[in-house]
Structures are given as C-alpha cells and as structure tokens.
$ cat work-v1.cif   # mmCIF, C-alpha atoms
data_upload
#
loop_
_atom_site.label_atom_id
_atom_site.label_comp_id
_atom_site.auth_asym_id
_atom_site.auth_seq_id
_atom_site.Cartn_x
_atom_site.Cartn_y
_atom_site.Cartn_z
CA MET A 16 0.00 0.00 0.00
CA LYS A 17 1.25 3.46 -0.91
CA THR A 18 -0.05 6.53 0.94
CA ILE A 19 0.49 9.99 -0.53
CA GLY A 20 0.17 13.13 1.59
CA VAL A 21 -0.67 16.22 -0.48
CA ASP A 22 0.05 19.60 1.09
CA ILE A 23 -1.54 22.31 -1.09
CA GLY A 24 0.18 25.48 0.06
CA ASN A 25 0.32 29.03 -1.26
CA PHE A 26 4.00 28.80 -2.16
CA SER A 27 4.15 25.24 -3.49
CA VAL A 28 2.37 21.88 -3.56
CA LYS A 29 4.24 19.14 -1.73
CA PHE A 30 3.80 15.37 -2.05
CA VAL A 31 5.13 12.74 0.36
CA GLU A 32 4.92 9.07 -0.60
CA LEU A 33 4.93 6.47 2.18
CA GLU A 34 5.06 2.75 1.54
CA SER A 35 4.21 0.13 4.14
CA PHE A 36 6.04 -3.18 4.43
CA GLY A 37 4.32 -5.03 7.25
CA ARG A 38 4.76 -2.83 10.31
CA SER A 39 7.56 -0.86 8.66
CA HIS A 40 6.85 2.45 6.91
CA GLN A 41 9.27 4.20 4.56
CA LEU A 42 9.21 7.64 2.98
CA THR A 43 10.18 6.65 -0.55
CA HIS A 44 9.65 9.87 -2.53
CA TYR A 45 9.26 13.57 -1.88
CA THR A 46 8.15 16.02 -4.57
CA GLU A 47 7.70 19.79 -4.34
CA ILE A 48 6.16 21.74 -7.21
CA PRO A 49 6.54 25.54 -6.76
CA LEU A 50 3.61 27.79 -7.59
CA ASN A 51 3.91 30.98 -9.59
CA GLN A 52 4.01 33.92 -7.16
CA ASP A 53 2.76 36.47 -9.66
CA ILE A 54 -0.22 38.04 -7.86
CA THR A 55 -1.96 38.67 -11.20
CA ARG A 56 -2.20 34.93 -11.93
CA ASP A 57 -5.04 32.67 -10.86
CA ARG A 58 -3.48 30.48 -8.18
CA SER A 59 -6.14 27.77 -8.54
CA ILE A 60 -5.00 27.08 -12.12
CA ASP A 61 -1.39 26.58 -11.01
CA VAL A 62 -2.52 24.30 -8.17
CA LEU A 63 -4.59 22.21 -10.58
CA ASP A 64 -1.63 21.90 -12.97
CA ALA A 65 0.62 20.75 -10.11
CA LEU A 66 -1.91 18.16 -8.95
CA LYS A 67 -2.43 16.87 -12.49
CA THR A 68 1.31 16.65 -13.16
CA PHE A 69 1.84 14.51 -10.09
CA ALA A 70 -1.30 12.36 -10.39
CA GLU A 71 -0.46 11.39 -13.96
CA ARG A 72 2.73 9.72 -12.73
CA HIS A 73 0.68 7.34 -10.55
CA GLN A 74 -2.44 6.80 -12.64
CA ASP A 75 -1.49 3.21 -13.50
CA GLU A 76 -0.59 2.20 -9.95
CA ASP A 77 -2.84 0.09 -7.74
CA ASN A 78 -3.30 0.36 -3.97
CA VAL A 79 -2.59 4.09 -3.80
CA GLN A 80 -4.47 6.37 -1.44
CA TYR A 81 -4.28 10.16 -1.31
CA VAL A 82 -4.69 12.32 1.79
CA VAL A 83 -5.42 16.04 1.45
CA SER A 84 -6.31 18.66 4.05
CA LEU A 85 -8.32 21.74 4.83
CA HIS A 86 -6.39 24.77 6.01
CA GLU A 87 -6.96 25.85 9.59
CA ASP A 88 -8.83 29.00 8.54
CA GLU A 89 -11.47 26.68 7.04
CA VAL A 90 -12.20 24.70 10.22
CA THR A 91 -12.94 25.19 13.88
CA HIS A 92 -11.87 23.04 16.84
CA ARG A 93 -13.36 22.51 20.30
CA LEU A 94 -12.02 20.40 23.16
CA LEU A 95 -14.85 18.38 24.67
CA HIS A 96 -15.35 15.68 27.26
CA PHE A 97 -17.75 12.80 26.68
CA PRO A 98 -18.92 10.40 29.42
CA PHE A 99 -18.19 7.38 27.18
CA LYS A 100 -15.24 6.18 25.11
CA GLU A 101 -16.74 4.66 21.95
CA ARG A 102 -15.81 6.78 18.92
CA HIS A 103 -18.97 5.91 16.96
CA LYS A 104 -21.10 7.25 19.82
CA ILE A 105 -19.03 10.42 19.95
CA LEU A 106 -19.42 11.04 16.21
CA LYS A 107 -23.17 10.46 16.45
CA ILE A 108 -23.75 13.07 19.15
CA LEU A 109 -21.05 15.54 18.07
CA PRO A 110 -23.20 17.75 15.78
CA PHE A 111 -25.67 18.33 18.62
CA GLU A 112 -22.90 19.12 21.11
CA LEU A 113 -21.38 21.72 18.79
CA GLU A 114 -24.60 23.15 17.41
CA GLU A 115 -24.29 26.44 19.33
CA ASP A 116 -20.48 26.63 19.29
CA VAL A 117 -19.49 26.52 15.62
CA PRO A 118 -19.28 29.85 13.74
CA PHE A 119 -21.32 28.56 10.79
CA ASP A 120 -24.47 26.60 10.04
CA SER A 121 -24.11 23.23 11.74
CA TYR A 122 -26.73 21.67 9.44
CA SER A 123 -24.50 22.18 6.41
CA SER A 124 -21.25 21.20 8.12
CA ILE A 125 -19.12 18.08 8.41
CA PHE A 126 -17.92 16.98 11.86
CA ASP A 127 -15.08 14.74 12.99
CA ALA A 128 -13.28 14.00 16.24
CA LYS A 129 -9.80 13.07 17.40
CA ILE A 130 -9.72 11.25 20.74
CA VAL A 131 -6.69 12.81 22.41
CA SER A 132 -6.96 10.95 25.71
CA TYR A 133 -9.14 8.78 27.85
CA SER A 134 -10.14 9.77 31.37
CA PRO A 135 -11.56 7.57 34.14
CA ASN A 136 -15.09 8.67 33.22
CA GLY A 137 -14.92 9.00 29.43
CA ALA A 138 -12.86 10.52 26.63
CA GLN A 139 -11.26 13.85 25.83
CA VAL A 140 -11.99 14.80 22.23
CA LEU A 141 -10.69 17.54 19.97
CA ALA A 142 -13.74 18.02 17.78
CA THR A 143 -13.52 19.56 14.32
CA ALA A 144 -16.16 21.10 12.08
CA SER A 145 -16.06 22.60 8.60
CA PRO A 146 -18.69 23.83 6.12
CA GLU A 147 -19.58 21.26 3.48
CA GLU A 148 -18.76 23.73 0.70
CA ARG A 149 -15.10 23.91 1.76
CA ILE A 150 -14.80 20.13 1.60
CA GLU A 151 -16.67 19.95 -1.69
CA LYS A 152 -14.27 22.51 -3.17
CA ILE A 153 -11.13 20.52 -2.38
CA LEU A 154 -12.77 17.27 -3.51
CA GLN A 155 -13.65 18.92 -6.82
CA SER A 156 -10.07 20.15 -7.28
CA CYS A 157 -8.76 16.64 -6.75
CA SER A 158 -11.34 15.17 -9.12
CA ASP A 159 -10.39 17.68 -11.82
CA ALA A 160 -6.76 16.63 -11.35
CA GLY A 161 -7.62 12.97 -11.91
CA PHE A 162 -7.64 11.38 -8.44
CA GLU A 163 -10.01 10.86 -5.54
CA PRO A 164 -8.66 11.44 -2.02
CA THR A 165 -9.31 8.71 0.52
CA ILE A 166 -9.13 11.11 3.47
CA VAL A 167 -9.70 14.83 3.95
CA SER A 168 -7.96 15.87 7.16
CA THR A 169 -6.94 19.28 8.53
CA ASP A 170 -3.50 20.87 8.62
CA GLY A 171 -3.41 20.88 12.42
CA MET A 172 -4.49 17.29 12.93
CA ALA A 173 -2.00 16.12 10.31
CA TYR A 174 0.92 18.09 11.69
CA ALA A 175 0.23 16.74 15.17
CA ASN A 176 1.22 13.28 13.88
CA LEU A 177 4.87 14.42 13.85
CA PHE A 178 4.83 14.92 17.62
CA GLU A 179 2.86 11.88 18.73
CA ASN A 180 3.20 8.12 18.83
CA TRP A 181 0.42 7.77 16.28
CA GLU A 182 0.54 3.95 16.38
CA ASP A 183 -0.53 3.79 20.04
CA LEU A 184 -3.97 4.22 21.55
CA PRO A 185 -4.72 7.59 23.17
CA PRO A 186 -3.23 7.77 26.68
CA GLU A 187 -5.10 7.70 29.97
CA LYS A 188 -5.29 11.21 31.45
CA THR A 189 -7.09 13.00 34.24
CA SER A 190 -9.86 15.11 32.71
CA LEU A 191 -9.03 18.73 31.95
CA PHE A 192 -12.66 19.46 32.74
CA ASP A 193 -12.43 18.65 36.44
CA PHE A 194 -12.98 22.30 37.37
CA ASP A 195 -15.94 22.72 35.04
CA GLU A 196 -17.61 19.83 36.79
CA LEU A 197 -17.21 21.36 40.25
CA ASP A 198 -20.30 22.93 41.73
CA ASP A 199 -20.02 26.71 41.80
CA ASP A 200 -21.02 26.79 45.46
CA GLU A 201 -18.47 24.19 46.54
CA ASP A 202 -16.16 25.37 49.30
CA ASP A 203 -12.69 26.03 47.88
CA GLU A 204 -11.17 24.40 50.96
CA ASN A 205 -12.53 21.05 49.78
CA VAL A 206 -10.83 21.31 46.40
CA ASP A 207 -7.65 19.29 45.94
CA PRO A 208 -4.80 21.87 45.67
CA VAL A 209 -2.91 19.54 43.35
CA ALA A 210 -5.87 19.54 40.95
CA ARG A 211 -5.96 23.34 41.11
CA ALA A 212 -2.30 23.69 40.10
CA PRO A 213 -1.76 24.80 36.48
CA LYS A 214 -0.94 22.01 34.05
CA VAL A 215 2.43 22.09 32.31
CA ALA A 216 1.98 23.13 28.67
CA HIS A 217 3.98 23.84 25.55
CA ALA A 218 3.20 25.03 22.03
CA ASN A 219 4.50 24.20 18.55
CA ILE A 220 4.45 26.74 15.74
CA LEU A 221 4.44 25.97 12.02
CA PHE A 222 5.32 29.08 10.00
CA GLY A 223 3.72 29.02 6.55
CA HIS A 224 3.79 31.28 3.51
CA THR A 225 0.48 33.02 4.21
CA ASN A 226 -0.71 31.39 7.45
CA THR A 227 0.95 30.32 10.67
CA MET A 228 -0.40 27.53 12.85
CA VAL A 229 0.01 26.97 16.59
CA LEU A 230 -0.61 23.63 18.34
CA ILE A 231 -1.14 23.78 22.13
CA TYR A 232 -0.30 20.80 24.36
CA ALA A 233 -1.06 20.35 28.07
CA ASP A 234 0.53 17.37 29.80
CA ASP A 235 1.49 16.19 26.29
CA GLN A 236 -2.18 16.23 25.23
CA LEU A 237 -3.28 18.29 22.22
CA ILE A 238 -5.92 20.72 23.50
CA ASP A 239 -6.19 23.43 20.86
CA ILE A 240 -5.10 24.56 17.39
CA ARG A 241 -5.00 28.21 16.33
CA SER A 242 -4.26 29.83 12.98
CA PHE A 243 -2.93 33.30 12.15
CA PRO A 244 -3.24 35.01 8.73
CA TRP A 245 0.46 35.83 8.72
CA GLY A 246 3.57 34.24 7.25
CA GLY A 247 6.60 34.52 5.02
CA ARG A 248 4.67 36.51 2.44
CA ASP A 249 4.27 39.38 4.92
CA LEU A 250 8.02 39.55 5.49
CA SER A 251 8.69 39.40 1.74
CA MET A 252 6.24 42.21 1.07
CA ARG A 253 7.98 44.45 3.63
CA ILE A 254 11.38 43.74 2.05
CA SER A 255 9.90 44.47 -1.38
CA GLU A 256 8.42 47.81 -0.25
CA VAL A 257 11.44 49.03 1.71
CA TYR A 258 14.12 48.08 -0.82
CA GLN A 259 12.06 48.67 -3.97
CA VAL A 260 12.63 45.19 -5.37
CA THR A 261 10.16 42.75 -6.88
CA PHE A 262 8.27 40.41 -4.61
CA LEU A 263 10.12 37.39 -6.04
CA GLU A 264 13.50 39.02 -5.38
CA ALA A 265 12.41 39.80 -1.83
CA LEU A 266 11.25 36.23 -1.34
CA LYS A 267 14.60 34.86 -2.49
CA GLU A 268 16.43 37.20 -0.11
CA LEU A 269 14.23 36.11 2.78
CA ARG A 270 14.84 32.43 2.09
CA LYS A 271 18.62 32.68 1.55
CA ASN A 272 19.97 35.52 3.65
CA SER A 273 17.70 36.63 6.48
CA TYR A 274 18.59 37.28 10.11
CA LEU A 275 17.50 39.03 13.30
CA LEU A 276 20.16 40.94 15.23
CA LEU A 277 20.01 40.40 18.99
CA ASP A 278 22.16 43.52 19.42
CA ASN A 279 23.58 45.99 16.93
CA GLU A 280 27.19 45.90 18.11
CA GLY A 281 29.54 45.33 15.18
CA ALA A 282 26.73 45.41 12.60
CA THR A 283 26.66 47.78 9.64
CA GLY A 284 23.87 50.30 9.17
CA ALA A 285 22.45 48.23 6.29
CA GLN A 286 22.40 45.09 8.45
CA VAL A 287 20.65 46.92 11.28
CA GLN A 288 18.04 48.31 8.90
CA PHE A 289 17.34 44.91 7.35
CA SER A 290 16.99 43.27 10.76
CA ASP A 291 14.76 46.05 12.10
CA ASN A 292 12.39 45.69 9.17
CA LEU A 293 11.98 41.97 9.83
CA LYS A 294 11.55 42.66 13.55
CA LYS A 295 8.66 45.03 12.87
CA GLU A 296 6.77 42.29 11.07
CA PHE A 297 7.63 39.64 13.67
CA ASP A 298 6.63 41.96 16.51
CA ASP A 299 3.12 42.33 15.08
CA PHE A 300 2.78 38.55 14.97
CA ILE A 301 4.29 38.09 18.44
CA HIS A 302 1.81 40.62 19.87
CA ASP A 303 -1.14 38.61 18.53
CA LEU A 304 0.47 35.33 19.60
CA ARG A 305 1.00 36.58 23.15
CA LEU A 306 -2.68 37.52 23.47
CA ILE A 307 -3.79 34.08 22.29
CA LEU A 308 -1.39 32.30 24.63
CA LEU A 309 -2.59 34.36 27.60
CA GLU A 310 -6.19 33.58 26.68
CA LEU A 311 -5.47 29.86 26.52
CA GLN A 312 -3.55 29.86 29.79
CA GLY A 313 -6.54 31.38 31.54
CA GLU A 314 -9.11 29.22 29.77
CA TRP A 315 -7.42 25.87 30.43
CA ASN A 316 -5.49 26.65 33.63
CA ILE A 317 -2.17 25.85 31.99
CA GLU A 318 1.35 27.19 32.45
CA LEU A 319 3.13 27.52 29.13
CA GLN A 320 6.80 26.60 29.54
CA SER A 321 8.21 26.31 26.02
CA LEU A 322 7.59 27.10 22.38
CA GLY A 323 8.84 25.07 19.41
CA LEU A 324 9.44 26.72 16.03
CA SER A 325 9.16 24.94 12.68
CA GLY A 326 8.51 25.76 9.03
CA GLY A 327 10.57 27.83 6.62
CA LEU A 328 10.81 30.97 8.77
CA SER A 329 12.24 28.94 11.65
CA GLN A 330 15.50 28.86 9.67
CA ILE A 331 16.00 32.63 10.01
CA LYS A 332 19.18 33.27 11.98
CA ASN A 333 18.55 34.11 15.68
CA ILE A 334 14.79 33.67 15.44
CA ALA A 335 14.63 31.36 18.47
CA PRO A 336 16.54 33.65 20.88
CA TYR A 337 14.58 36.65 19.55
CA PHE A 338 11.26 34.94 20.33
CA THR A 339 12.66 33.98 23.73
CA GLN A 340 13.45 37.63 24.47
CA LYS A 341 10.09 38.96 23.30
CA LEU A 342 7.87 36.29 24.88
CA GLU A 343 10.05 35.66 27.97
CA LEU A 344 9.56 31.99 27.21
CA LYS A 345 11.98 29.24 26.21
CA CYS A 346 11.84 29.00 22.39
CA ASN A 347 13.77 26.59 20.18
CA ARG A 348 13.66 25.16 16.68
CA ILE A 349 11.90 21.81 16.65
CA GLN A 350 13.99 18.82 15.69
CA LEU A 351 11.31 16.76 13.97
CA GLN A 352 11.73 13.01 14.33
CA PRO A 353 8.43 11.38 13.31
CA HIS A 354 7.64 8.12 15.06
CA GLY A 355 7.78 4.92 13.06
CA ILE A 356 8.85 6.41 9.71
CA SER A 357 12.09 5.62 7.89
CA LEU A 358 13.13 8.68 5.86
CA THR A 359 14.82 6.90 2.96
CA ASP A 360 14.44 9.73 0.42
CA GLN A 361 17.63 11.76 0.85
CA GLY A 362 16.02 14.74 -0.88
CA PHE A 363 13.24 15.05 1.69
CA ASP A 364 13.15 18.43 3.44
CA ILE A 365 11.29 17.96 6.72
CA VAL A 366 11.38 21.69 7.47
CA ASN A 367 9.16 22.43 4.48
CA GLY A 368 7.69 18.99 3.85
CA GLY A 369 6.63 18.13 7.39
CA LEU A 370 2.94 18.84 6.83
CA ALA A 371 2.80 16.60 3.76
CA LEU A 372 4.46 13.86 5.83
CA GLY A 373 1.89 14.34 8.58
CA LEU A 374 -0.89 13.94 6.02
CA ALA A 375 0.63 10.72 4.71
CA ILE A 376 0.79 9.40 8.30
CA GLU A 377 -2.88 10.30 8.66
CA GLY A 378 -3.50 7.80 5.87
CA LEU A 379 -1.55 5.09 7.70
CA LYS A 380 -3.70 5.59 10.79
#

$ encode --input "work-v1.cif" --output "structure tokens"
Amino acid sequence: MKTIGVDIGNFSVKFVELESFGRSHQLTHYTEIPLNQDITRDRSIDVLDALKTFAERHQDEDNVQYVVSLHEDEVTHRLLHFPFKERHKILKILPFELEEDVPFDSYSSIFDAKIVSYSPNGAQVLATASPEERIEKILQSCSDAGFEPTIVSTDGMAYANLFENWEDLPPEKTSLFDFDELDDDEDDENVDPVARAPKVAHANILFGHTNTMVLIYADDQLIDIRSFPWGGRDLSMRISEVYQVTFLEALKELRKNSYLLLDNEGATGAQVQFSDNLKKEFDDFIHDLRLILLELQGEWNIELQSLGLSGGLSQIKNIAPYFTQKLELKCNRIQLQPHGISLTDQGFDIVNGGLALGLAIEGLK
C-alpha cells in the first residue's frame, strides 16, 4: 500500500509518498512543485496543474491512497469531554454538542473527532467542524486533477502526527474538565490543591507562507489549534516595499539571507536596517500570539513553559533567541523526528515537507 500526503500550500504543492512493508513504513519519494508567485495569476490554475502533473505519474498504480487537508482557517476546533469512550457514539452526538459553538451553520457542516486521551469517566476529544462547501471545493479540485482522495484531514491534525506516537492508543489522562464539573457553590477548601495547580503546557508553531499555525499541548495532550493570517509573504512584502525590489527578489532574499540581530554591536547600518524591518513584522505577529497564549492559559489553567518553532521561517538566523526575548519563554527550533517512519528519500526536506508527511501518516492511521 502506498499513501500519498498532499500539502496544497500558497507557495508550493508538496507530495510525500509512504510505503508500508508489514509494520515498517518508509518515505520513498518527496516532490515539491513551486507555484507561480505572480499576484496577477489565478493560483487555482497553477494548483490544478501541479496536482495533475503529479497524479499522472501514478495513474497506472494500484493500492494508492491520497490524503489532502483543509487549512486551519477553514475549520474550527473545540475540546470536549464525553462520558463514554466509543468513537462511533461520539461522532453520532457531536453535531448536537457543537450546534451552538461553531461559527457557521451546523446543518451544512461536516464533523469529525480526534480522541486525544481517555479519562476515568470517558474521553477527551478535539472536535472539528467545517462547512460542506469547503470540503466539496477541495474534492472537486482533486477530481479535476484525476484522483479521488481517501481522506480529507486538517493541517493541524495532520501536523500533530509528527509529535505523537500515532501507532498507540490515546493515553489515559485525568480530565481537563475537572474544574468545570465542580459545583459553583463548593467550598474552595474542599478542592484538591494539586488539581488546582496549572498544568504544564507547551506550544509548537508551524510558519507558513500566508498562514501560521500553533498547536497547544497540556501534559502532552493536544488541547487546541489556532491559525494566524500571517507568514513569510508578509516579510517578503515588507522587504519588497522598503528596498524597492520585486516580490520574487524579496522572497529569495528572505529564504537565503535573512537574520534578526540580537544587538547591533559590530553590525553595519544596512544590516541593522534589514533586521529592524523583519523585527517590525515579527513583533506584530508576536503581539497577537502573546494575546492568544494568555487567553489559553486562563481558559485551560495551563502554564506555558516552552515554544517550538518549525517551518521555513524557523530557519531565520537568531529567530529562536529573539522569540525567547520577546515572549520571555523558552523558544527553540523543533527537531522533527516522526515516530515509526524511515526517511529513505535523501532529498526530503522535513522543514518544508513536514505537513505533507503528517498527512501521509494520517492515511496510515
């Protein structure tokens, strides 16, 4: 069986091919097809051409399944607790549970659920909903390209596969909803102080070309996924405006020779100016990120202790220490080592191809 993860981005379309040999899984091929960055062109045409080009190479193969995804700005997630553990029961009741919580018509939406942990009295579920029209659109694109996807996942759920032992059952955890279940009139003296203590948490960021995604974990359990309409394109546009170069030239400069100065000692005026321009863009993102992290810490009673950086922008020199300074939080580049996958394709770039790999793993599950 061959499983192909298809990451349809705004900069390129990436394909990861996984082949299973018993309980062994190997990444056998990685393909990236860049998209034209001319803003006057219809991006959907370039995406369709990329999908067709790849699909034609595999049209005569048997036992091939494709996995595609919805971007995080096309879905919504909610962490819920159910007093039972059977997934089919959860999926049956899910639309009614989320009826008043989703920001679109629940009657024309598709729902799914990832069981992130079991508790003594049920299951913790990260529920997902998306309008039918968004799913129909991506299915139509795939059909026009000559293939039918077996699975439509989401970017966040797929990327989470790189940080989890996806072959194991969800772990047993104490419910994060203990406090919600307490009676409001209950005497605080009767509450277990250990239960009241904030849970240790960390976050993983995936920088994209036009969107950036943040995965939040508490006690190693995925509890939320957030998306920001910000990415490498914003930095490239600032470089283009300040230095009066084309967008493509700015993009190349960002990818090959970008840096953030932690101090200006020994730097030339041109280096300081370049760094300051990038900092202005990053600072806007960091401001929004800080607000979201504070909101989540209060909502879930968590204490965020670290932040992992991944994606193309994570390769910018000094980005980790700069984020550490601004957020007053330990930040480091993530060293991705996906569980159970042998990376035999020497040309595979996990920094940029990680999401496509996560989608392929979604097919294995």

$ resolve_selection --input "work-v1.cif" --expression "the PyMOL selection byres ((chain A and resi 348) around 7)" --output "PDB file with C-alpha atoms, keeping the file's coordinate frame"
ATOM      1  CA  GLY A 323       8.840  25.070  19.410  1.00  0.00           C
ATOM      2  CA  LEU A 324       9.440  26.720  16.030  1.00  0.00           C
ATOM      3  CA  SER A 325       9.160  24.940  12.680  1.00  0.00           C
ATOM      4  CA  SER A 329      12.240  28.940  11.650  1.00  0.00           C
ATOM      5  CA  ALA A 335      14.630  31.360  18.470  1.00  0.00           C
ATOM      6  CA  ASN A 347      13.770  26.590  20.180  1.00  0.00           C
ATOM      7  CA  ILE A 349      11.900  21.810  16.650  1.00  0.00           C
ATOM      8  CA  GLN A 350      13.990  18.820  15.690  1.00  0.00           C
TER       9      GLN A 350
END

$ closest_residue --input "work-v1.cif" --among "A:Ser290, A:Thr46, A:Gln236, A:Thr143" --to "A:Ala175" --atoms "all atoms listed in the file"
A:Gln236

$ atom_distance --input "work-v1.cif" --atom1 "atom CA of A:Lys29" --atom2 "atom CA of A:Ile130"
27.6 Å

$ closest_residue --input "work-v1.cif" --among "A:Gly326, A:Asp234, A:Val229, A:Ala282" --to "A:Arg305" --atoms "all atoms listed in the file"
A:Val229

$ residues_around --input "work-v1.cif" --residues "stretch 60-76 of chain A" --least-positions-apart "2" --cutoff "7 Å" --atoms "all atoms listed in the file" --output "number ranges by chain"
A: 28, 48, 50, 57-58, 78-79, 156, 160-162

$ residues_around --input "work-v1.cif" --residues "A:Leu275" --least-positions-apart "4" --cutoff "8 Å" --atoms "all atoms listed in the file" --output "ChimeraX atom specification"
/A:290-291,293-294,331-334,337

$ residues_around --input "work-v1.cif" --residues "A:His224" --least-positions-apart "2" --cutoff "10 Å" --atoms "all atoms listed in the file" --output "PyMOL selection string"
chain A and resi 24-27+222+226-227+244-251+326-328

$ resolve_selection --input "work-v1.cif" --expression "the PyMOL selection byres ((chain A and resi 215) around 7)" --output "PyMOL selection string"
chain A and resi 213-214+216+233-234+317-320

$ atom_distance --input "work-v1.cif" --atom1 "atom CA of A:Ile150" --atom2 "atom CA of A:Leu184"
27.7 Å

$ closest_residue --input "work-v1.cif" --among "A:Ala138, A:Leu42, A:Glu147, A:Leu106" --to "A:Ile125" --atoms "all atoms listed in the file"
A:Glu147

$ residues_around --input "work-v1.cif" --residues "A:Glu112" --least-positions-apart "6" --cutoff "10 Å" --atoms "all atoms listed in the file" --output "PyMOL selection string"
chain A and resi 95+97+105+142

$ atom_distance --input "work-v1.cif" --atom1 "atom CA of A:Leu379" --atom2 "atom CA of A:Lys129"
15.0 Å

$ closest_residue --input "work-v1.cif" --among "A:Lys188, A:Ser59, A:Thr91, A:Ala218" --to "A:Gln155" --atoms "only C-alpha atoms"
A:Ser59

$ resolve_selection --input "work-v1.cif" --expression "the PyMOL selection byres ((chain A and resi 117) around 10)" --output "list in words"
Val90, Thr91, His92, Arg93, Pro110, Glu112, Leu113, Glu114, Glu115, Asp116, Pro118, Phe119, Asp120, Ser121, Ser124, Thr143, Ala144, Ser145 and Pro146 of chain A

$ closest_residue --input "work-v1.cif" --among "A:Met252, A:Thr359, A:Gln286, A:Cys157" --to "A:Glu264" --atoms "all atoms listed in the file"
A:Met252

$ residues_around --input "work-v1.cif" --residues "stretch 133-137 of chain A" --least-positions-apart "2" --cutoff "7 Å" --atoms "only C-alpha atoms" --output "PyMOL selection string"
chain A and resi 97-100+139+185-190

$ closest_residue --input "work-v1.cif" --among "A:Glu101, A:Asp88, A:Asp77, A:Glu47" --to "A:Val31" --atoms "all atoms listed in the file"
A:Glu47

$ decode --input "work-v1.cif" --residues "stretch 275-282 of chain A" --atoms "all heavy atoms" --output "short mmCIF file (atom, residue, chain, number, x, y, z; two decimals), in the first residue's frame"
data_model
loop_
_atom_site.label_atom_id
_atom_site.label_comp_id
_atom_site.auth_asym_id
_atom_site.auth_seq_id
_atom_site.Cartn_x
_atom_site.Cartn_y
_atom_site.Cartn_z
N LEU A 275 17.96 38.08 12.29
CA LEU A 275 17.50 39.03 13.30
C LEU A 275 18.67 39.32 14.22
O LEU A 275 19.24 38.39 14.81
CB LEU A 275 16.33 38.45 14.10
CG LEU A 275 15.05 38.12 13.32
CD1 LEU A 275 14.08 37.33 14.18
CD2 LEU A 275 14.39 39.38 12.80
N LEU A 276 19.05 40.58 14.35
CA LEU A 276 20.16 40.94 15.23
C LEU A 276 19.66 41.02 16.67
O LEU A 276 18.68 41.70 16.97
CB LEU A 276 20.74 42.30 14.81
CG LEU A 276 21.39 42.36 13.42
CD1 LEU A 276 21.83 43.79 13.11
CD2 LEU A 276 22.57 41.40 13.32
N LEU A 277 20.36 40.33 17.57
CA LEU A 277 20.01 40.40 18.99
C LEU A 277 20.55 41.67 19.63
O LEU A 277 20.01 42.16 20.62
CB LEU A 277 20.53 39.16 19.72
CG LEU A 277 20.00 37.82 19.17
CD1 LEU A 277 20.59 36.66 19.96
CD2 LEU A 277 18.48 37.79 19.20
N ASP A 278 21.65 42.20 19.08
CA ASP A 278 22.16 43.52 19.42
C ASP A 278 22.87 44.06 18.18
O ASP A 278 23.22 43.30 17.29
CB ASP A 278 23.11 43.49 20.63
CG ASP A 278 24.34 42.64 20.41
OD1 ASP A 278 25.17 43.02 19.56
OD2 ASP A 278 24.47 41.59 21.07
N ASN A 279 23.05 45.36 18.14
CA ASN A 279 23.58 45.99 16.93
C ASN A 279 25.08 46.19 16.95
O ASN A 279 25.65 46.77 16.02
CB ASN A 279 22.89 47.34 16.71
CG ASN A 279 21.40 47.18 16.47
OD1 ASN A 279 20.94 46.12 16.05
ND2 ASN A 279 20.64 48.24 16.75
N GLU A 280 25.74 45.71 18.01
CA GLU A 280 27.19 45.90 18.11
C GLU A 280 27.91 45.17 16.98
O GLU A 280 27.72 43.98 16.75
CB GLU A 280 27.69 45.38 19.46
CG GLU A 280 29.17 45.63 19.69
CD GLU A 280 29.62 45.16 21.07
OE1 GLU A 280 28.76 44.76 21.88
OE2 GLU A 280 30.84 45.19 21.32
N GLY A 281 28.75 45.90 16.26
CA GLY A 281 29.54 45.33 15.18
C GLY A 281 28.80 45.19 13.86
O GLY A 281 29.39 44.76 12.86
N ALA A 282 27.51 45.53 13.83
CA ALA A 282 26.73 45.41 12.60
C ALA A 282 26.78 46.70 11.80
O ALA A 282 26.91 47.79 12.36
CB ALA A 282 25.28 45.06 12.94
#
